[in-house]
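Asker: Pasting a structure here, questions to come.
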Amino acid sequence: MTTTTTVTTSAATASAATARAVAGPVRRLRRRRLTNTAMTVTLALVTAAAVAALIWVLSYVATQGLPTLGPAFLTRTPPGNPAQSGGGFLNGIVGSLEIVGIATVLAVPPALATAVHIVEYGGRLARIVSFVTDVLVGLPTILTGALVYTIWVTRFGFSGLAGAFALALIMLPLVTRSTAEMLRQVPQSLREASLALGITKARTITAIVLPTARSGILTGITLAIARAMGEAAPLLLTTLGNDLFLEADPRQRMSTLALQIFTNAVTGYRTAQSRAWAGALTLIAIVVILTVTARLLPGRHPRRGR
Amino acid sequence: MSLTLKDRTTRSMPEPAGSRQRHPADRLFQAAVHAAAWLPIAILGATVVFLLVQAWPALTHYGPFSSLGSIGWAPSRAITESTSPNPYGLLQFIYGSVLTALIAMAIAVPASIAVALYLTDVAPRVIRRPLAHLVDLLAAIPSVVYGFWAIFALAPTLRPLGEMLGRTLGAVPALGAVFAGPFYGYSYLTAGIVLAIMVLPIITAICREVFATTPVPRKEAALALGATRWEMLRMAVLPPARAGIIGACTLGLGRAVGETIAVTMVIGNNVTGINPSLLAPGATMPSVLANELTEATQPFHLESLFVVALWLLALALAVNVAGRLLVRRGHREPR
């Protein structure tokens, strides 16, 4: 009898002790699990907020711009009096395509050559240039505008060419960086195989390395074009804008889509603002199409446009 | 042997066997490529030199640092002969640039780290890539569109919040000045929030790259020891990524400091002085350049704008060089 009671009491004390010993860790585990759930939910909510911001911007521009966006908007110039409704941004669209086109032609060949030097020839200069290119990518684009203003506009006046020159200076480091990144991914064995056949280094680069990296390089160029399309600040100091008529001569002041959105957005006229919304929607459409096309190109891709 | 080793590390192409008697076309190609490689250095050098040359008359006329010692930008008060006080004070622009960038970083840094963690380790695998593309798309929207959207969609949404802040916190004695009304929508706060949205995808993208380099065994070890997923992120992913995160934030800061058009559209462009309230209109270094550079008519006006550009360049260079060095170190750090 006594032994049983002793056993039960000792069992009871033992289980109580275990319970006490376990309660702490169990509670702690529960708290840790709770923290885990709370943080998982927080991370998901923050991501949802970022996506919500994107949807807010896109949907707002779409609802404001759609009523004005139509065939007429894409094929006409703005009315002489900004208070009038109707008309479109044909001059800005033509200007954007032309200026960015010239900038691309100016920027891509030297950018490819620079990237080839960084990756294929290497050395101290290559490392320095690689770093300077990275720094240039992050510099404010308005400073590029100010630079072109001092060396070009003060002598030859505002023109589409000056704007194209500024955009080329902005695109050059972008294309250099993405191209260098793609060249680094070309397998070293391809180069060695080519050189082993007695082919010169120059031929190896132009006939083997660059073609292998082609689609990735094109992606980088496309992303740089998308970026240049949206630039307004440097163009404000170089092409100045031309809101009245279609100007296709790059030696004259020209308008671009981004500039035209800016100038029309800050006027007090509702009519001008509604044209600016349609312009913003057009610009977003162009940039998004370019960005998505760049990502859909076959092959490996540079990680980011900027 | 030493040659191959060197080639592995620099990842440059080995020289062909008969490189002593090379084809002339080969040498020409190398010379051309070598010349092109100087372009980025030339661009950076030209920017520094030309901005300095343009700013020089104002720097010598008013003294090189006088603009940093005065508040208020008043071109109309500039007289050709007068050298003191400097009517082209810069402090309010530096204040505006730093304040808007700080507001942006306060919002964007924690948010970007959270988004990057979610996209690399937490989100269900199927939605990781599409979500990452959506966040990247935030970076594709042009600055001028953000500014336009901010004037008409963001500022009216912020107005009740700003008025509430002005009524409640604005009445508190010490804090009051920071939240003093009235709030019209054009303010440091609005500009800071727009900047936050604009730099978020940039910081997120770099953080994602850094987090993705965490070795899987490291994460598995944490989980095998009984860590929850959050503990795994906190103990295995975040600590080694610290340098990379700081670098990412610095590059985001560089972007925020240099952003022009969106800020110009929503900050209100008050160039006369510093208002301590976050809800008041102000100006930044890039915004005054965008507004006045093509219309400068007063004595030393254009030259003083280039003084602004020069200090903006100094600030942007410092931030970007620091950021790049940190990101590189973050990538290289042995784990």
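Letters A, B, ... go to the chains of the structure tokens in the order shown; residues in each chain start at 1; ligands are counted from 1 in the same order.
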Skipping near chain neighbours, those fewer than 4 positions away, what residues fall within 10 Å of B:Met285 using only C-alpha atoms, listed as a PyMOL selection string?
Answerer: chain B and resi 90-98+257-260+264+289-290+305+308-312
Asker: Can you write just those residues out, N, CA and C atoms, as a tab-separated table (two decimals), in the first residue's frame?
Answerer:
```tsv
chain	number	residue	atom	x	y	z
B	90	LEU	N	23.11	77.30	-51.36
B	90	LEU	CA	22.81	75.91	-51.75
B	90	LEU	C	22.24	75.06	-50.63
B	91	LEU	N	22.34	75.56	-49.39
B	91	LEU	CA	22.00	74.68	-48.27
B	91	LEU	C	20.59	74.10	-48.37
B	92	GLN	N	19.63	74.93	-48.87
B	92	GLN	CA	18.25	74.42	-48.93
B	92	GLN	C	18.11	73.28	-49.95
B	93	PHE	N	18.95	73.30	-51.01
B	93	PHE	CA	18.88	72.21	-52.00
B	93	PHE	C	19.50	70.94	-51.43
B	94	ILE	N	20.63	71.12	-50.73
B	94	ILE	CA	21.26	69.95	-50.12
B	94	ILE	C	20.32	69.36	-49.08
B	95	TYR	N	19.71	70.25	-48.28
B	95	TYR	CA	18.73	69.79	-47.29
B	95	TYR	C	17.60	69.03	-47.97
B	96	GLY	N	17.07	69.58	-49.05
B	96	GLY	CA	15.96	68.93	-49.76
B	96	GLY	C	16.37	67.58	-50.32
B	97	SER	N	17.55	67.53	-50.93
B	97	SER	CA	18.02	66.27	-51.51
B	97	SER	C	18.21	65.22	-50.42
B	98	VAL	N	18.87	65.62	-49.33
B	98	VAL	CA	19.16	64.66	-48.26
B	98	VAL	C	17.86	64.22	-47.58
B	257	VAL	N	19.08	60.40	-54.74
B	257	VAL	CA	19.67	61.74	-54.71
B	257	VAL	C	19.66	62.37	-56.11
B	258	GLY	N	19.81	61.54	-57.15
B	258	GLY	CA	19.92	62.09	-58.50
B	258	GLY	C	18.61	62.17	-59.26
B	259	GLU	N	17.56	61.58	-58.73
B	259	GLU	CA	16.29	61.56	-59.45
B	259	GLU	C	15.80	62.99	-59.68
B	260	THR	N	15.38	63.27	-60.90
B	260	THR	CA	15.09	64.66	-61.25
B	260	THR	C	13.61	64.94	-61.52
B	264	THR	N	10.94	66.96	-59.28
B	264	THR	CA	10.62	68.32	-59.71
B	264	THR	C	9.11	68.54	-59.78
B	289	LEU	N	18.15	72.42	-61.14
B	289	LEU	CA	18.82	72.34	-62.44
B	289	LEU	C	17.79	72.19	-63.55
B	290	ALA	N	16.83	71.28	-63.36
B	290	ALA	CA	15.83	71.04	-64.40
B	290	ALA	C	14.98	72.28	-64.62
B	305	LEU	N	24.30	77.71	-61.14
B	305	LEU	CA	23.62	76.43	-61.37
B	305	LEU	C	24.63	75.32	-61.59
B	308	VAL	N	25.81	74.12	-58.39
B	308	VAL	CA	24.87	73.11	-57.88
B	308	VAL	C	25.19	71.75	-58.52
B	309	ALA	N	25.38	71.76	-59.85
B	309	ALA	CA	25.65	70.51	-60.57
B	309	ALA	C	26.93	69.86	-60.05
B	310	LEU	N	27.93	70.72	-59.77
B	310	LEU	CA	29.22	70.21	-59.30
B	310	LEU	C	29.07	69.51	-57.95
B	311	TRP	N	28.32	70.13	-57.04
B	311	TRP	CA	28.14	69.50	-55.72
B	311	TRP	C	27.28	68.25	-55.84
B	312	LEU	N	26.31	68.29	-56.75
B	312	LEU	CA	25.49	67.09	-56.97
B	312	LEU	C	26.38	65.96	-57.48
```
Asker: Skipping near chain neighbours, those fewer than 3 positions away, what residues fall within 12 Å of B:Pro64 using only C-alpha atoms, listed as a ChimeraX atom specification?
Answerer: /B:52,55-61,67-69,83,86,89,304,307-308,310-311
Asker: Any chance you could export the current selection's N, CA and C atoms as a short mmCIF file (atom, residue, chain, number, x, y, z; two decimals), in the first residue's frame?
Answerer:
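part_14.cif written:
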```
data_model
loop_
_atom_site.label_atom_id
_atom_site.label_comp_id
_atom_site.auth_asym_id
_atom_site.auth_seq_id
_atom_site.Cartn_x
_atom_site.Cartn_y
_atom_site.Cartn_z
N LEU B 52 33.21 71.86 -63.82
CA LEU B 52 34.10 72.74 -63.05
C LEU B 52 34.38 74.02 -63.83
N ALA B 55 31.39 76.25 -63.77
CA ALA B 55 31.09 76.80 -62.45
C ALA B 55 32.17 77.77 -61.98
N TRP B 56 33.33 77.73 -62.64
CA TRP B 56 34.50 78.47 -62.17
C TRP B 56 34.24 79.96 -61.90
N PRO B 57 33.60 80.71 -62.84
CA PRO B 57 33.38 82.13 -62.59
C PRO B 57 32.64 82.39 -61.29
N ALA B 58 31.60 81.58 -61.01
CA ALA B 58 30.84 81.78 -59.78
C ALA B 58 31.68 81.40 -58.57
N LEU B 59 32.47 80.34 -58.71
CA LEU B 59 33.30 79.88 -57.59
C LEU B 59 34.33 80.94 -57.21
N THR B 60 34.94 81.59 -58.22
CA THR B 60 35.96 82.59 -57.91
C THR B 60 35.32 83.90 -57.47
N HIS B 61 34.13 84.22 -58.05
CA HIS B 61 33.50 85.49 -57.73
C HIS B 61 33.01 85.53 -56.29
N SER B 67 28.68 79.34 -51.24
CA SER B 67 27.32 78.87 -51.51
C SER B 67 26.88 77.83 -50.50
N LEU B 68 27.86 77.13 -49.91
CA LEU B 68 27.51 76.11 -48.92
C LEU B 68 27.19 76.73 -47.57
N GLY B 69 27.54 78.02 -47.42
CA GLY B 69 27.32 78.66 -46.13
C GLY B 69 26.10 79.54 -46.11
N THR B 83 29.91 90.82 -54.30
CA THR B 83 30.42 89.46 -54.11
C THR B 83 29.92 88.84 -52.82
N ASN B 86 26.50 85.83 -50.86
CA ASN B 86 26.21 85.05 -52.06
C ASN B 86 24.70 84.83 -52.18
N GLY B 89 22.55 80.65 -52.48
CA GLY B 89 22.82 79.69 -51.41
C GLY B 89 22.38 78.29 -51.81
N SER B 304 26.24 79.68 -61.25
CA SER B 304 25.88 79.14 -59.94
C SER B 304 25.11 77.84 -60.06
N VAL B 307 27.51 75.34 -60.20
CA VAL B 307 28.04 75.02 -58.86
C VAL B 307 27.14 73.96 -58.22
N VAL B 308 25.81 74.12 -58.39
CA VAL B 308 24.87 73.11 -57.88
C VAL B 308 25.19 71.75 -58.52
N LEU B 310 27.93 70.72 -59.77
CA LEU B 310 29.22 70.21 -59.30
C LEU B 310 29.07 69.51 -57.95
N TRP B 311 28.32 70.13 -57.04
CA TRP B 311 28.14 69.50 -55.72
C TRP B 311 27.28 68.25 -55.84
#
```
Asker: Extract, using only C-alpha atoms, all DNA, RNA and protein residues at most 8 Å from B:Asp26, discarding same-chain residues fewer than 6 positions from it, and format them as a PyMOL selection string.
Answerer: chain A and resi 200-203
Asker: Pick from A:Ala272, A:Ile151, A:Val22, A:Ala278: nearest to chain B, with only C-alpha atoms counted?
Answerer: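 For chain B, the nearest of the candidates is A:Ile151.
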Asker: Smallest atom-to-atom distance to A:Pro298: which of A:Val41, A:Ala258, A:Leu223, A:Ile217, using only C-alpha atoms?
Answerer: A:Ile217
Asker: Using only C-alpha atoms, determine which residues lie at most 12 Å from A:Thr267, disregarding the query and same-chain residues fewer than 5 positions distant; provide the list as a list in words.
Answerer: Pro82, Ala83, Gln260, Ile261, Phe262, Ala272, Gln273, Ser274, Arg275 and Ala276 of chain A; Phe148 and Met265 of chain B
Asker: Restricted to C-alpha atoms, what would the selected residues look like written as a PDB file, in the first residue's frame?
Answerer:
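Generated output (selection36.pdb):
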```
ATOM      1  CA  PRO A  82      -3.452  73.996 -75.451  1.00  0.00           C
ATOM      2  CA  ALA A  83      -6.943  74.653 -74.067  1.00  0.00           C
ATOM      3  CA  GLN A 260       5.876  66.265 -74.059  1.00  0.00           C
ATOM      4  CA  ILE A 261       4.264  64.440 -71.129  1.00  0.00           C
ATOM      5  CA  PHE A 262       6.269  66.614 -68.732  1.00  0.00           C
ATOM      6  CA  ALA A 272      -3.372  69.307 -72.263  1.00  0.00           C
ATOM      7  CA  GLN A 273      -3.250  67.058 -69.200  1.00  0.00           C
ATOM      8  CA  SER A 274      -5.571  64.514 -70.784  1.00  0.00           C
ATOM      9  CA  ARG A 275      -3.251  64.411 -73.816  1.00  0.00           C
ATOM     10  CA  ALA A 276      -0.349  63.948 -71.395  1.00  0.00           C
TER      11      ALA A 276
ATOM     12  CA  PHE B 148       2.540  62.786 -63.171  1.00  0.00           C
ATOM     13  CA  MET B 265       6.941  67.620 -60.367  1.00  0.00           C
TER      14      MET B 265
END
```
Asker: Determine, counting only C-alpha atoms, which protein, DNA and RNA residues have an atom within 9 Å of an atom of A:Ala113; residues of the same chain fewer than 5 positions away are not included. Present the result as a list in words.
Answerer: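 Listed by chain and then number, they are Val108, Ile118 and Thr176 of chain A; Ala32, Val33, His34, Ala35, Ala36 and Ala37 of chain B.
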Asker: Quick one: residues within 10 Å of A:Ala285, only C-alpha atoms counted, chain neighbours fewer than 6 positions away excluded, as a PyMOL selection string?
Answerer: (chain A and resi 62+279+291) or (chain B and resi 141)
Asker: I need the residues from that last selection saved to file as a tab-separated table (two decimals), in the first residue's frame (with C-alpha atoms), if you can.
Answerer:
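Written out: selection-v4.tsv:
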```tsv
chain	number	residue	atom	x	y	z
A	62	ALA	CA	-4.69	53.49	-68.02
A	279	GLY	CA	1.05	60.07	-73.85
A	291	THR	CA	11.15	45.21	-71.52
B	141	ILE	CA	8.05	52.86	-65.43
```
Asker: Which polymer residues have any atom within 9 Å of an atom of A:Ala224, counting only C-alpha atoms, with same-chain residues fewer than 2 positions away left out, as an mmCIF file with N, CA and C atoms, in the first residue's frame?
Answerer:
```cif
data_model
loop_
_atom_site.group_PDB
_atom_site.id
_atom_site.type_symbol
_atom_site.label_atom_id
_atom_site.label_comp_id
_atom_site.auth_asym_id
_atom_site.auth_seq_id
_atom_site.Cartn_x
_atom_site.Cartn_y
_atom_site.Cartn_z
ATOM 1 N N THR A 104 21.091 55.086 -80.057
ATOM 2 C CA THR A 104 21.460 53.667 -80.068
ATOM 3 C C THR A 104 22.607 53.423 -81.034
ATOM 4 N N ILE A 170 24.231 58.204 -71.860
ATOM 5 C CA ILE A 170 23.553 57.481 -70.793
ATOM 6 C C ILE A 170 23.477 55.991 -71.116
ATOM 7 N N MET A 171 23.277 55.664 -72.423
ATOM 8 C CA MET A 171 23.128 54.262 -72.807
ATOM 9 C C MET A 171 24.462 53.520 -72.801
ATOM 10 N N LEU A 172 25.551 54.239 -73.091
ATOM 11 C CA LEU A 172 26.846 53.575 -73.245
ATOM 12 C C LEU A 172 27.232 52.707 -72.039
ATOM 13 N N LEU A 174 25.322 51.521 -69.740
ATOM 14 C CA LEU A 174 24.319 50.456 -69.549
ATOM 15 C C LEU A 174 24.611 49.271 -70.460
ATOM 16 N N VAL A 175 24.858 49.571 -71.763
ATOM 17 C CA VAL A 175 25.096 48.495 -72.728
ATOM 18 C C VAL A 175 26.438 47.819 -72.430
ATOM 19 N N THR A 219 19.342 41.651 -75.558
ATOM 20 C CA THR A 219 18.484 41.947 -74.410
ATOM 21 C C THR A 219 18.968 43.208 -73.703
ATOM 22 N N GLY A 220 20.274 43.275 -73.455
ATOM 23 C CA GLY A 220 20.836 44.437 -72.780
ATOM 24 C C GLY A 220 20.591 45.716 -73.562
ATOM 25 N N ILE A 221 20.770 45.660 -74.877
ATOM 26 C CA ILE A 221 20.552 46.835 -75.717
ATOM 27 C C ILE A 221 19.077 47.253 -75.655
ATOM 28 N N THR A 222 18.185 46.275 -75.739
ATOM 29 C CA THR A 222 16.752 46.586 -75.701
ATOM 30 C C THR A 222 16.376 47.260 -74.386
ATOM 31 N N ALA A 226 14.805 50.963 -73.774
ATOM 32 C CA ALA A 226 13.619 51.226 -72.957
ATOM 33 C C ALA A 226 13.901 52.320 -71.939
ATOM 34 N N ARG A 227 15.094 52.247 -71.342
ATOM 35 C CA ARG A 227 15.460 53.254 -70.356
ATOM 36 C C ARG A 227 15.567 54.635 -71.013
ATOM 37 N N ALA A 228 16.204 54.705 -72.178
ATOM 38 C CA ALA A 228 16.397 55.984 -72.863
ATOM 39 C C ALA A 228 15.056 56.589 -73.276
ATOM 40 N N MET A 229 14.103 55.729 -73.669
ATOM 41 C CA MET A 229 12.771 56.199 -74.066
ATOM 42 C C MET A 229 12.112 57.019 -72.959
ATOM 43 N N GLY A 305 18.367 45.570 -66.125
ATOM 44 C CA GLY A 305 18.596 46.604 -67.114
ATOM 45 C C GLY A 305 19.451 47.726 -66.575
ATOM 46 N N ARG A 306 19.287 48.029 -65.274
ATOM 47 C CA ARG A 306 20.018 49.178 -64.762
ATOM 48 C C ARG A 306 21.268 48.721 -64.085
#
```
Asker: Enumerate, as a PyMOL selection string, the complete set of residues in stretch 111-313 of chain B that a backbone-based DSSP assignment places in alpha helix (DSSP H).
Answerer: chain B and resi 111-117+125-140+143-149+155-168+188-212+216-224+229-232+242-258+261-266+285-292+301-313
Asker: With only C-alpha atoms as the basis for distance, which of B:Pro239, B:Pro40, B:Pro173, B:Gly268 is at the shortest distance from chain A?
Answerer: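 Smallest separation from chain A among the options: B:Pro40.
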Asker: Taking only C-alpha atoms into account, which of B:Arg159, B:Pro24, B:Asp121, B:Trp73 comes nearest B:Val216?
Answerer: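 Ranked by minimum distance to B:Val216, first place goes to B:Asp121.
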